[in-house]
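Peer 1: Supplied structure: protein_15.txt, compact mmCIF, C-alpha atoms.
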```
# COMPACT_ATOMS: atom_id res chain seq x y z
CA MET A 25 0.00 0.00 0.00
CA ASN A 26 1.35 3.43 -0.88
CA THR A 27 2.22 6.15 1.64
CA PRO A 28 1.53 9.48 -0.08
CA ILE A 29 2.04 11.73 2.95
CA CYS A 30 5.35 10.16 3.93
CA ASP A 31 6.59 10.25 0.33
CA PHE A 32 5.75 13.93 -0.12
CA VAL A 33 7.40 15.03 3.15
CA ALA A 34 10.53 12.94 2.54
CA ASP A 35 10.93 14.47 -0.92
CA TYR A 36 10.40 17.98 0.42
CA ALA A 37 12.98 17.47 3.17
CA ALA A 38 15.51 16.08 0.68
CA ARG A 39 15.24 19.08 -1.67
CA GLY A 40 16.67 21.55 0.83
CA VAL A 41 14.03 24.18 0.10
CA SER A 42 14.29 27.53 1.91
CA ARG A 43 11.52 27.20 4.47
CA LEU A 44 9.91 30.62 4.48
CA HIS A 45 6.91 29.23 6.32
CA MET A 46 6.01 27.76 9.68
CA PRO A 47 7.23 26.14 11.93
CA GLY A 48 9.97 28.31 13.33
CA HIS A 49 12.62 25.60 13.62
CA LYS A 50 13.01 25.74 9.78
CA GLY A 51 13.71 22.05 9.55
CA ALA A 52 16.60 21.86 12.00
CA GLY A 53 16.79 21.25 15.73
CA PRO A 54 17.86 19.04 18.62
CA LEU A 55 15.25 16.28 18.20
CA GLY A 56 16.29 15.18 14.73
CA VAL A 57 12.71 15.00 13.44
CA GLU A 58 12.47 18.67 12.49
CA PRO A 59 13.14 18.14 8.74
CA LEU A 60 9.92 16.08 8.59
CA ASP A 61 7.83 18.56 10.58
CA ILE A 62 6.02 20.81 8.11
CA THR A 63 2.79 22.76 7.74
CA GLU A 64 0.16 23.08 5.00
CA ILE A 65 2.52 24.11 2.21
CA ALA A 66 1.75 23.67 -1.49
CA GLY A 67 1.25 19.98 -2.22
CA ALA A 68 1.05 18.95 1.42
CA ASP A 69 -2.76 19.04 1.43
CA ASP A 70 -4.87 20.33 4.33
CA LEU A 71 -6.39 18.02 6.95
CA SER A 72 -9.41 20.31 7.36
CA CYS A 73 -10.38 20.00 3.69
CA PRO A 74 -8.10 17.47 1.98
CA THR A 75 -8.17 16.89 -1.76
CA GLY A 76 -4.76 15.31 -2.30
CA ILE A 77 -2.30 13.19 -0.36
CA ILE A 78 -4.16 13.25 2.99
CA LEU A 79 -7.44 12.25 1.36
CA GLU A 80 -5.66 9.44 -0.51
CA SER A 81 -4.11 8.18 2.72
CA GLU A 82 -7.43 8.31 4.59
CA ARG A 83 -9.04 6.28 1.83
CA ASN A 84 -6.30 3.71 2.27
CA ALA A 85 -7.16 3.56 5.98
CA ALA A 86 -10.89 3.21 5.26
CA SER A 87 -10.21 0.24 3.00
CA LEU A 88 -8.16 -1.42 5.74
CA PHE A 89 -10.77 -0.84 8.44
CA GLY A 90 -13.78 -1.68 6.29
CA ALA A 91 -15.33 1.71 7.00
CA ARG A 92 -17.41 3.85 4.68
CA HIS A 93 -15.07 6.70 5.60
CA SER A 94 -12.09 6.97 7.95
CA PHE A 95 -10.85 10.38 9.04
CA TYR A 96 -7.50 11.14 10.65
CA ALA A 97 -7.23 13.04 13.93
CA THR A 98 -4.00 14.30 15.45
CA GLY A 99 -5.57 15.25 18.77
CA GLY A 100 -6.01 11.67 19.95
CA SER A 101 -9.22 9.73 20.31
CA SER A 102 -10.47 12.46 22.66
CA GLN A 103 -10.81 14.71 19.60
CA ALA A 104 -12.39 11.94 17.54
CA LEU A 105 -14.79 11.02 20.37
CA LYS A 106 -16.04 14.58 20.73
CA ALA A 107 -16.49 14.80 16.96
CA MET A 108 -18.44 11.52 17.03
CA VAL A 109 -20.88 12.87 19.62
CA TYR A 110 -21.20 16.11 17.63
CA LEU A 111 -22.14 14.13 14.50
CA ALA A 112 -24.77 12.11 16.34
CA ARG A 113 -26.24 15.34 17.72
CA LEU A 114 -26.47 16.81 14.21
CA ALA A 115 -27.98 13.70 12.63
CA HIS A 116 -30.46 13.03 15.44
CA PRO A 117 -31.36 16.37 17.07
CA ALA A 118 -32.18 15.62 20.67
CA GLY A 119 -31.20 16.87 24.08
CA LYS A 120 -30.19 13.53 25.55
CA ILE A 121 -27.92 10.59 24.79
CA LEU A 122 -28.05 7.13 26.37
CA ALA A 123 -24.61 6.18 27.63
CA GLY A 124 -22.73 3.60 29.62
CA ARG A 125 -21.54 5.22 32.80
CA ASN A 126 -17.95 4.04 32.27
CA ALA A 127 -17.36 6.84 29.76
CA HIS A 128 -14.06 8.65 29.30
CA LYS A 129 -13.94 12.23 30.58
CA SER A 130 -13.84 13.51 26.99
CA PHE A 131 -17.42 12.25 26.64
CA PHE A 132 -18.48 14.41 29.59
CA HIS A 133 -16.75 17.40 28.03
CA ALA A 134 -18.44 16.75 24.66
CA CYS A 135 -21.86 16.56 26.27
CA GLY A 136 -21.27 19.72 28.26
CA LEU A 137 -20.10 21.68 25.22
CA LEU A 138 -22.91 20.38 23.00
CA GLY A 139 -25.70 20.76 25.54
CA LEU A 140 -26.41 17.03 25.65
CA GLU A 141 -27.60 15.45 28.89
CA PRO A 142 -26.43 11.85 29.38
CA VAL A 143 -28.97 9.27 30.49
CA TRP A 144 -26.75 6.80 32.30
CA MET A 145 -26.85 3.05 31.88
CA GLN A 146 -25.59 1.35 35.01
CA PRO A 147 -26.49 -2.36 35.26
CA ALA A 148 -27.06 -3.84 38.69
CA LEU A 149 -23.91 -5.96 38.23
CA SER A 150 -21.73 -2.88 37.78
CA THR A 151 -18.65 -2.61 39.93
CA LEU A 152 -16.23 0.24 40.20
CA TRP A 153 -14.41 -1.25 37.19
CA GLU A 154 -17.03 -2.81 34.95
CA CYS A 155 -20.26 -1.69 33.29
CA PRO A 156 -21.63 -4.90 31.68
CA ILE A 157 -24.18 -3.53 29.22
CA THR A 158 -25.89 -6.40 27.37
CA PRO A 159 -28.42 -6.24 24.50
CA PRO A 160 -31.35 -7.15 26.82
CA PHE A 161 -30.26 -4.49 29.30
CA LEU A 162 -30.04 -1.93 26.49
CA GLU A 163 -33.57 -2.85 25.38
CA GLN A 164 -34.81 -2.23 28.91
CA ALA A 165 -32.91 1.05 29.17
CA LEU A 166 -34.45 2.26 25.92
CA ASP A 167 -37.92 1.25 27.11
CA ARG A 168 -37.38 3.38 30.23
CA CYS A 169 -36.27 6.38 28.16
CA PRO A 170 -39.20 7.56 26.03
CA GLU A 171 -37.63 10.93 25.20
CA PRO A 172 -35.87 11.45 21.84
CA LEU A 173 -32.20 10.44 21.93
CA ALA A 174 -29.21 11.49 19.84
CA GLY A 175 -27.92 7.93 20.05
CA VAL A 176 -26.41 5.26 22.28
CA PHE A 177 -22.81 5.58 23.47
CA VAL A 178 -20.72 2.72 24.88
CA THR A 179 -17.06 2.00 25.65
CA SER A 180 -15.54 -1.25 24.40
CA PRO A 181 -12.90 -2.39 25.15
CA ASP A 182 -12.68 -0.54 28.45
CA TYR A 183 -9.43 0.38 30.16
CA LEU A 184 -9.08 -3.02 31.81
CA GLY A 185 -9.82 -4.89 28.59
CA ARG A 186 -13.44 -5.91 29.13
CA MET A 187 -15.54 -6.07 25.94
CA LEU A 188 -19.22 -5.69 25.09
CA ASP A 189 -21.39 -7.53 22.57
CA ILE A 190 -21.17 -4.76 19.99
CA ALA A 191 -22.95 -6.80 17.30
CA GLY A 192 -25.90 -7.42 19.62
CA LEU A 193 -26.00 -3.81 20.82
CA SER A 194 -25.92 -2.51 17.24
CA ARG A 195 -28.90 -4.69 16.31
CA VAL A 196 -30.89 -3.27 19.21
CA CYS A 197 -30.01 0.29 18.23
CA HIS A 198 -30.85 -0.20 14.58
CA ARG A 199 -34.25 -1.71 15.41
CA ARG A 200 -34.94 1.49 17.35
CA GLY A 201 -33.61 3.78 14.60
CA LEU A 202 -30.72 5.01 16.75
CA PRO A 203 -27.00 5.18 15.96
CA LEU A 204 -24.52 3.21 18.05
CA LEU A 205 -21.40 5.18 19.00
CA VAL A 206 -18.43 3.18 20.26
CA ASP A 207 -15.40 4.49 22.08
CA ASN A 208 -12.91 1.93 20.77
CA ALA A 209 -9.85 3.85 21.94
CA HIS A 210 -8.13 0.68 23.14
CA GLY A 211 -9.15 -1.54 20.24
CA ALA A 212 -7.87 -0.18 16.92
CA TYR A 213 -6.01 -3.46 16.36
CA LEU A 214 -9.21 -5.55 16.64
CA GLN A 215 -9.81 -5.16 12.90
CA PHE A 216 -6.68 -7.17 12.14
CA LEU A 217 -7.38 -10.31 14.17
CA PRO A 218 -8.14 -13.53 12.24
CA ARG A 219 -11.82 -12.69 12.85
CA SER A 220 -12.39 -8.96 13.12
CA LEU A 221 -13.78 -7.76 16.43
CA HIS A 222 -13.66 -4.10 15.42
CA PRO A 223 -16.88 -2.17 16.16
CA ILE A 224 -17.29 -1.08 12.54
CA ALA A 225 -17.19 -4.73 11.42
CA LEU A 226 -19.76 -5.55 14.12
CA GLY A 227 -22.29 -2.91 13.05
CA ALA A 228 -21.37 0.29 14.91
CA ASP A 229 -22.36 3.49 13.13
CA LEU A 230 -19.64 5.74 14.54
CA CYS A 231 -16.40 4.68 16.15
CA CYS A 232 -13.25 6.37 17.43
CA ASP A 233 -9.91 4.55 17.62
CA SER A 234 -6.83 5.73 19.45
CA ALA A 235 -4.31 4.46 16.90
CA HIS A 236 -1.31 5.15 19.10
CA LYS A 237 -2.51 2.94 21.96
CA THR A 238 -2.23 -0.38 20.13
CA LEU A 239 -0.86 0.31 16.62
CA PRO A 240 2.61 1.55 15.58
CA VAL A 241 1.55 5.22 15.50
CA LEU A 242 2.91 8.29 17.29
CA THR A 243 1.04 9.54 20.35
CA GLY A 244 -1.96 11.62 19.30
CA GLY A 245 -2.77 9.66 16.14
CA ALA A 246 -6.42 8.58 15.97
CA TYR A 247 -9.24 7.65 13.62
CA LEU A 248 -12.88 8.63 13.34
CA HIS A 249 -14.66 5.84 11.43
CA ILE A 250 -18.07 6.14 9.78
CA GLY A 251 -19.91 2.83 9.42
CA ALA A 252 -21.94 1.68 6.44
CA GLY A 253 -25.26 2.24 8.20
CA ALA A 254 -24.54 5.73 9.55
CA ASP A 255 -26.61 8.71 8.48
CA ALA A 256 -25.14 10.26 5.32
CA SER A 257 -24.73 13.59 7.11
CA CYS A 258 -22.08 12.05 9.37
CA ALA A 259 -19.55 11.73 6.56
CA ASP A 260 -20.54 15.13 5.16
CA ASN A 261 -19.98 16.89 8.49
CA ALA A 262 -17.03 14.92 9.87
CA ARG A 263 -14.38 17.49 8.86
CA GLN A 264 -16.37 20.25 10.53
CA ALA A 265 -16.82 18.14 13.65
CA LEU A 266 -13.12 17.33 13.93
CA GLY A 267 -12.26 20.99 13.34
CA VAL A 268 -14.51 22.12 16.17
CA PHE A 269 -12.52 20.05 18.66
CA GLY A 270 -9.05 20.04 17.11
CA SER A 271 -6.23 22.40 16.27
CA SER A 272 -6.07 24.21 12.93
CA SER A 273 -2.36 23.25 12.91
CA PRO A 274 -2.32 19.43 12.85
CA SER A 275 0.96 17.64 13.37
CA TYR A 276 2.43 16.39 10.11
CA LEU A 277 4.64 14.05 12.10
CA ILE A 278 1.49 12.32 13.38
CA LEU A 279 -0.07 12.35 9.90
CA GLN A 280 3.03 10.65 8.51
CA SER A 281 2.83 8.08 11.28
CA LEU A 282 -0.80 7.29 10.43
CA ASP A 283 0.10 7.12 6.75
CA ALA A 284 3.07 4.80 7.34
CA CYS A 285 0.88 2.58 9.53
CA ASN A 286 -1.33 1.79 6.53
CA ARG A 287 1.56 0.06 4.79
CA LEU A 288 2.36 -1.95 7.92
CA LEU A 289 -1.27 -2.97 8.42
CA SER A 290 -1.53 -4.12 4.81
CA GLY A 291 1.60 -6.26 5.18
CA ASP A 292 2.44 -8.92 7.74
CA PHE A 293 0.94 -7.08 10.71
CA PRO A 294 -2.10 -9.44 11.04
CA ALA A 295 0.21 -12.48 11.20
CA ARG A 296 2.44 -10.80 13.78
CA LEU A 297 -0.66 -9.76 15.71
CA ALA A 298 -1.92 -13.34 15.90
CA GLN A 299 1.50 -14.44 17.12
CA THR A 300 1.48 -11.72 19.78
CA ALA A 301 -1.96 -12.75 21.01
CA SER A 302 -0.70 -16.33 21.39
CA ARG A 303 2.32 -15.13 23.36
CA VAL A 304 0.14 -13.03 25.70
CA ALA A 305 -2.16 -15.99 26.31
CA ALA A 306 0.83 -18.23 27.07
CA LEU A 307 2.24 -15.62 29.45
CA ALA A 308 -1.11 -15.40 31.26
CA ASP A 309 -0.99 -19.16 31.83
CA ARG A 310 2.43 -18.86 33.50
CA LEU A 311 1.32 -16.31 36.09
CA PRO A 312 -0.64 -16.83 39.33
CA PHE A 313 -2.96 -13.91 38.60
CA PRO A 314 -6.28 -14.36 36.75
CA ASN A 315 -6.39 -12.26 33.58
CA TYR A 316 -9.33 -9.88 33.93
CA ALA A 317 -9.02 -8.67 30.32
CA GLN A 318 -11.00 -10.15 27.44
CA GLU A 319 -9.19 -8.47 24.56
CA PRO A 320 -6.15 -10.47 23.40
CA LEU A 321 -3.35 -7.88 23.62
CA LYS A 322 -4.00 -6.77 27.19
CA LEU A 323 -2.96 -8.66 30.31
CA THR A 324 -4.86 -7.28 33.28
CA LEU A 325 -3.57 -9.03 36.36
CA HIS A 326 -6.40 -9.32 38.89
CA ALA A 327 -4.41 -8.96 42.09
CA ALA A 328 -7.49 -8.72 44.30
CA ALA A 329 -8.71 -12.13 43.12
CA ILE A 330 -5.71 -13.84 44.73
CA GLY A 331 -5.35 -11.46 47.67
CA ALA A 332 -2.20 -9.88 46.24
CA ASP A 333 -1.14 -6.23 46.22
CA GLY A 334 -1.06 -4.78 42.71
CA GLU A 335 1.25 -1.96 43.74
CA ALA A 336 3.75 -4.48 45.14
CA ALA A 337 3.51 -6.48 41.90
CA ALA A 338 4.28 -3.30 39.96
CA GLN A 339 7.40 -2.78 42.04
CA HIS A 340 8.54 -6.30 41.19
CA LEU A 341 8.03 -5.51 37.51
CA ARG A 342 10.03 -2.30 37.72
CA GLN A 343 12.87 -4.07 39.49
CA ALA A 344 12.91 -6.55 36.60
CA GLY A 345 13.10 -3.71 34.07
CA ALA A 346 9.43 -3.63 33.00
CA GLU A 347 7.07 -0.66 33.31
CA PRO A 348 3.31 -1.40 33.50
CA GLU A 349 0.63 0.69 31.84
CA TYR A 350 -1.33 1.12 35.07
CA THR A 351 -1.44 -0.26 38.57
CA ASP A 352 -3.45 0.06 41.76
CA ARG A 353 -4.06 -2.23 44.72
CA ASP A 354 -6.44 -4.48 42.75
CA PHE A 355 -5.08 -4.53 39.18
CA VAL A 356 -1.92 -4.35 37.10
CA VAL A 357 -2.45 -3.53 33.40
CA LEU A 358 0.16 -4.72 30.89
CA MET A 359 -0.21 -3.82 27.21
CA PHE A 360 1.52 -5.76 24.43
CA SER A 361 1.75 -5.33 20.67
CA PRO A 362 3.67 -6.86 17.76
CA GLY A 363 6.40 -4.39 18.73
CA SER A 364 6.92 -6.16 22.08
CA ARG A 365 10.24 -8.03 22.35
CA PRO A 366 10.79 -11.59 23.65
CA GLU A 367 12.58 -10.21 26.71
CA ASP A 368 9.47 -8.21 27.61
CA TYR A 369 7.55 -11.42 28.23
CA ASP A 370 10.52 -12.99 30.02
CA ARG A 371 10.79 -10.07 32.45
CA VAL A 372 7.14 -10.37 33.44
CA THR A 373 7.56 -14.09 34.06
CA GLN A 374 10.74 -13.47 36.05
CA ALA A 375 9.06 -10.83 38.22
CA LEU A 376 5.67 -12.40 38.88
CA ALA A 377 5.61 -16.17 38.29
CA ASP A 378 6.04 -16.91 42.01
CA PHE A 379 4.23 -13.87 43.39
CA PRO A 380 2.71 -14.65 46.82
CA ARG A 381 -1.02 -15.08 47.29
CA GLY A 382 -3.23 -13.90 50.13
CA THR A 383 -6.92 -13.75 50.98
CA PRO A 384 -9.00 -12.80 47.94
CA ARG A 385 -10.77 -9.43 48.09
CA PRO A 386 -14.28 -8.94 46.63
CA ALA A 387 -14.98 -6.48 43.84
CA GLN A 388 -15.61 -2.93 44.96
CA ALA A 389 -19.32 -2.15 44.64
CA LEU A 390 -20.22 1.10 42.93
CA PRO A 391 -21.95 3.46 45.37
CA PRO A 392 -25.44 4.70 44.48
CA ALA A 393 -25.34 7.80 42.31
CA GLY A 394 -26.38 11.03 43.92
CA GLY A 395 -29.26 13.00 42.47
CA GLN A 396 -28.63 15.23 39.45
CA ALA A 397 -28.77 18.69 41.01
CA LEU A 398 -27.62 20.58 37.92
CA PRO A 399 -27.54 19.79 34.19
CA LEU A 400 -24.10 18.57 33.17
CA ARG A 401 -23.45 21.61 30.98
CA GLU A 402 -24.34 24.06 33.73
CA ALA A 403 -22.17 22.22 36.25
CA MET A 404 -19.25 22.17 33.82
CA LEU A 405 -19.40 25.94 33.29
CA ARG A 406 -20.13 27.07 36.86
CA PRO A 407 -17.43 28.52 39.14
CA ARG A 408 -15.80 25.75 41.16
CA GLN A 409 -13.49 25.14 44.06
CA THR A 410 -11.32 22.27 45.22
CA VAL A 411 -12.16 20.77 48.60
CA PRO A 412 -10.91 17.76 50.58
CA VAL A 413 -12.92 14.67 49.74
CA ALA A 414 -13.73 14.27 53.44
CA GLN A 415 -15.69 17.55 53.22
CA ALA A 416 -17.43 16.85 49.90
CA ALA A 417 -20.58 14.99 51.01
CA GLY A 418 -23.67 16.95 50.02
CA ARG A 419 -21.77 19.19 47.59
CA ILE A 420 -22.39 19.23 43.82
CA CYS A 421 -19.66 17.56 41.78
CA ALA A 422 -17.94 19.82 39.22
CA SER A 423 -15.74 17.22 37.51
CA ALA A 424 -15.83 13.48 36.93
CA ALA A 425 -14.41 11.77 40.02
CA VAL A 426 -12.74 8.61 38.76
CA SER A 427 -9.82 6.53 39.90
CA CYS A 428 -8.57 5.79 36.38
CA PRO A 429 -10.47 6.78 33.23
CA PRO A 430 -12.45 5.20 31.75
CA ALA A 431 -13.39 3.41 34.96
CA ILE A 432 -16.90 4.14 36.17
CA PRO A 433 -17.07 7.61 37.73
CA ILE A 434 -17.98 7.62 41.37
CA ALA A 435 -19.65 10.99 40.82
CA VAL A 436 -20.17 13.04 37.67
CA MET A 437 -20.65 16.72 36.96
CA GLY A 438 -23.91 18.02 38.38
CA GLU A 439 -24.52 15.12 40.78
CA VAL A 440 -24.72 15.44 44.53
CA ILE A 441 -21.77 13.68 46.19
CA THR A 442 -23.08 11.09 48.63
CA PRO A 443 -21.41 9.92 51.86
CA GLU A 444 -21.03 6.49 50.25
CA ALA A 445 -19.18 8.09 47.32
CA VAL A 446 -16.86 9.84 49.76
CA GLN A 447 -16.03 6.51 51.39
CA VAL A 448 -15.13 4.90 48.07
CA MET A 449 -13.04 7.87 46.94
CA THR A 450 -11.18 7.82 50.24
CA ARG A 451 -10.46 4.12 49.87
CA LEU A 452 -9.11 4.72 46.37
CA GLY A 453 -6.77 7.44 47.57
CA ILE A 454 -8.64 10.37 46.03
CA ARG A 455 -7.89 13.22 48.40
CA GLN A 456 -9.44 16.27 46.69
CA ILE A 457 -12.36 16.93 44.40
CA GLN A 458 -13.78 19.91 42.52
CA VAL A 459 -17.25 21.02 43.57
CA ILE A 460 -19.56 23.86 42.56
CA ALA A 461 -18.56 26.96 44.45
```
Could you render the structure as structure tokens?

Peer 2:
Amino acid sequence: MNTPICDFVADYAARGVSRLHMPGHKGAGPLGVEPLDITEIAGADDLSCPTGIILESERNAASLFGARHSFYATGGSSQALKAMVYLARLAHPAGKILAGRNAHKSFFHACGLLGLEPVWMQPALSTLWECPITPPFLEQALDRCPEPLAGVFVTSPDYLGRMLDIAGLSRVCHRRGLPLLVDNAHGAYLQFLPRSLHPIALGADLCCDSAHKTLPVLTGGAYLHIGAGADASCADNARQALGVFGSSSPSYLILQSLDACNRLLSGDFPARLAQTASRVAALADRLPFPNYAQEPLKLTLHAAAIGADGEAAAQHLRQAGAEPEYTDRDFVVLMFSPGSRPEDYDRVTQALADFPRGTPRPAQALPPAGGQALPLREAMLRPRQTVPVAQAAGRICASAAVSCPPAIPIAVMGEVITPEAVQVMTRLGIRQIQVIA
């Protein structure tokens, strides 16, 4: 597969042109990447309205992901997520959106800026870390929500690697005439498994991928995918939506990284991915911890299930020369990719194969949500102050209080903070919280 953006920039850098344009480093500097860092010069195309090399590269990506359209974002999946919500709001004018409560904070910000009020889905089996939305539960949630909706928003995979039945959820949404929006930030690679588990392949209408999390892409590279069944206006308005939430000066380094990734994905990447998934599964079998994750590239060591201390396990990893993605008392998250080296797996085995067990700890129950005292938008824009968590009971939350996004927020903007919420936050080590002044 060709790489039009990379080819153009490499040729431009090689010609030694006098750079009488931005950026100010003029193609030279201490990082070594400056020659490849350009702006929207003649021939370089323009991400906000591409007609040349960027459009060609995005079409390459769409063919790889099986999407009707794929759009590049250089502001991470947070930018693409906000654009996705914007598009749903345009296509289905409504003041509310049905959403799983384990949403990333960028979803809260999108709703606040767009004047959308989330209607939260929180199954009875929810814990602090999991929001198991099933097709039957979604049916029930829709039955309880007679008001017009802009769509249904879910997160899959979540931060710990749990996955939803996207195919089943999409069927429910389509029977109701609603779009399904999926935050797939941690699952861009799912398209390239032997059987695709990518949301677009499973029927999602709109999907955002954080390319840099699991693909060989620089930090900030992301995709906004439009599915085959999405309203036609979504593709027509996607550039506008991304522009609302992104910079007018996109990084050409990130664009080159996304472009170069297309060639890798069209080559032996799927075979290497399958091999990596096998290695992760074999590693999981060698460790005493249950693997809480369901997606194949993530190893989420469930320390609580064997009465172990996740923070202590993380220290063992660091002493062995391995740095985890995330750790707390209950979990250690390890992320692998085809770029992982054999010694990476060996170090995990060396550090944790004989890790001591203790008395298992039960899952942390999610405290009951406080009442919604203010609309999310109003709470987001009101003056606020930071107070100790111990003094927060009865106050109105001004920011999503979470232990690690996108875990389920203990309190969200506009909700009253309950004494039970204070207890959970204290246990998780959250010491301060923003409340409405």

Peer 1: Could you work out how far atom CA of Arg381 of chain A lies from atom CA of Thr450 of chain A, giving the answer in Å with one decimal?

Peer 2: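 Going from atom CA of Thr450 of chain A over to atom CA of Arg381 of chain A, I get 25.2 Å.
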
Peer 1: Calculate how many Å separate atom CA of Gly345 of chain A from atom CA of Ile330 of chain A, rounding to one decimal.

Peer 2: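 Between these atoms lies a distance of 23.9 Å.
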
Peer 1: Tell me, as a VMD selection string, which residues lie within 12 Å of Pro117 of chain A, counting all atoms listed in the file; anything in the same chain fewer than 3 positions away does not count.

Peer 2: chain A and resid 109 to 114 120 to 121 138 to 140 171 to 175 202

Peer 1: Dump as JSON lines the rows for residues of segment 285-393 of chain A within 8 Å of segment 235-245 of chain A: closest atom pair and distance in Å with one decimal, all atoms listed in the file counted, ordered by chain and rising residue number.

Peer 2:
```
{"residue": "A:Cys285", "atom": "CA", "partner": "A:Pro240", "partner_atom": "CA", "distance": 6.4}
{"residue": "A:Phe360", "atom": "CA", "partner": "A:Thr238", "partner_atom": "CA", "distance": 7.8}
{"residue": "A:Ser361", "atom": "CA", "partner": "A:Thr238", "partner_atom": "CA", "distance": 6.4}
{"residue": "A:Gly363", "atom": "CA", "partner": "A:Pro240", "partner_atom": "CA", "distance": 7.7}
```

Peer 1: Hey, can you pull every residue with an atom no more than 12 Å from (-2.1, 21.3, 1.5), using all atoms listed in the file, and send it as a list of chain:residue names?

Peer 2: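 Looking at atoms near the point gives A:Ile29, A:Phe32, A:Val33, A:Ile62, A:Thr63, A:Glu64, A:Ile65, A:Ala66, A:Gly67, A:Ala68, A:Asp69, A:Asp70, A:Leu71, A:Ser72, A:Cys73, A:Pro74, A:Thr75, A:Gly76, A:Ile77, A:Ile78, A:Leu79, A:Ser273, A:Pro274, A:Tyr276.
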
Peer 1: Rank A:Asp189, A:Asp207, A:Glu141, A:Glu154 by their smallest atom-to-atom distance to His128 of chain A, using all atoms listed in the file, and report the top residue only.

Peer 2: A:Asp207

Peer 1: From the set A:Tyr96, A:Phe132, A:Phe313, A:Tyr350, which residue has the shortest atom-to-atom contact distance to Arg263 of chain A, counting all atoms listed in the file?

Peer 2: A:Tyr96

Peer 1: One decimal, Å: what's the distance from atom CA of Ala417 of chain A over to atom CA of Ile441 of chain A, could you say?

Peer 2: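 Straight-line distance from atom CA of Ala417 of chain A to atom CA of Ile441 of chain A works out to 5.1 Å.
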
Peer 1: List the neighbours of Gly334 of chain A out to 10 Å using all atoms listed in the file; skip same-chain residues closer than 3 positions along the sequence, and give me the result as a list of chain:residue names.

Peer 2: A:Leu325, A:His326, A:Ala327, A:Ala328, A:Gly331, A:Ala337, A:Ala338, A:Gln339, A:His340, A:Tyr350, A:Thr351, A:Asp352, A:Arg353, A:Asp354, A:Phe355, A:Val356, A:Val357

Peer 1: If we count all atoms listed in the file and set the cut-off at 10 Å, which residues sit around Asp31 of chain A, ignoring sequence neighbours fewer than 2 positions away in its own chain? Please answer as a list in words.

Peer 2: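 In the requested format, the answer is Asn26, Thr27, Pro28, Ile29, Val33, Ala34, Asp35, Tyr36, Ile77, Gln280, Asp283 and Ala284 of chain A.
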
Peer 1: Identify which of the residues A:Cys169, A:Ala431, A:Leu44, A:Leu217 lies closest to Ala295 of chain A, counting all atoms listed in the file when measuring atom-to-atom distances.

Peer 2: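 The shortest atom-to-atom distance to Ala295 of chain A comes from A:Leu217.
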
Peer 1: Between A:Gly56, A:Pro47, A:Gly453, A:Gly291, which has the minimum distance to Pro412 of chain A (counting only C-alpha atoms)?

Peer 2: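 Of A:Gly56, A:Pro47, A:Gly453, A:Gly291, the one nearest Pro412 of chain A is A:Gly453, counting only C-alpha atoms.
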
Peer 1: Go through A:His249, A:Arg365, A:His116, A:Arg186 one by one, measure the shortest atom-to-atom distance of each to Gly201 of chain A using all atoms listed in the file, and give the residue with the smallest value.

Peer 2: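 Of the candidates, the smallest distance to Gly201 of chain A is held by A:His116.
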
Peer 1: Restricting the calculation to only C-alpha atoms: of A:Pro59, A:Ala165, A:Leu400, A:Asp378, which residue gets closest to Ser42 of chain A?

Peer 2: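 Going through A:Pro59, A:Ala165, A:Leu400, A:Asp378 one by one, the smallest distance to Ser42 of chain A is for A:Pro59.
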
Peer 1: Using all atoms listed in the file, which residues of segment 165-248 of chain A come within 6 Å of segment 97-108 of chain A, and what is the closest atom pair for each, with the distance in Å to one decimal? Give it as a tab-separated table, sorted by chain and residue number.

Peer 2:
```
residue	atom	partner	partner_atom	distance
A:Cys232	CA	A:Ala104	CA	5.6
A:Asp233	CA	A:Ser101	CA	5.9
A:Ser234	CA	A:Ser101	CA	4.7
A:Gly244	CA	A:Gly100	CA	4.1
A:Gly245	CA	A:Thr98	CA	4.8
A:Ala246	CA	A:Ala97	CA	5.0
A:Tyr247	CA	A:Ala97	CA	5.8
A:Leu248	CA	A:Ala104	CA	5.4
```

Peer 1: Need to verify the contact set: Arg401 of chain A, 12 Å, all atoms listed in the file, exclusion of same-chain residues closer than 6 positions in sequence. Can you return it as JSON, numbers by chain?

Peer 2: {"A": [119, 120, 131, 132, 133, 134, 135, 136, 137, 138, 139, 140, 141, 142, 422, 423, 436, 437, 438, 439]}
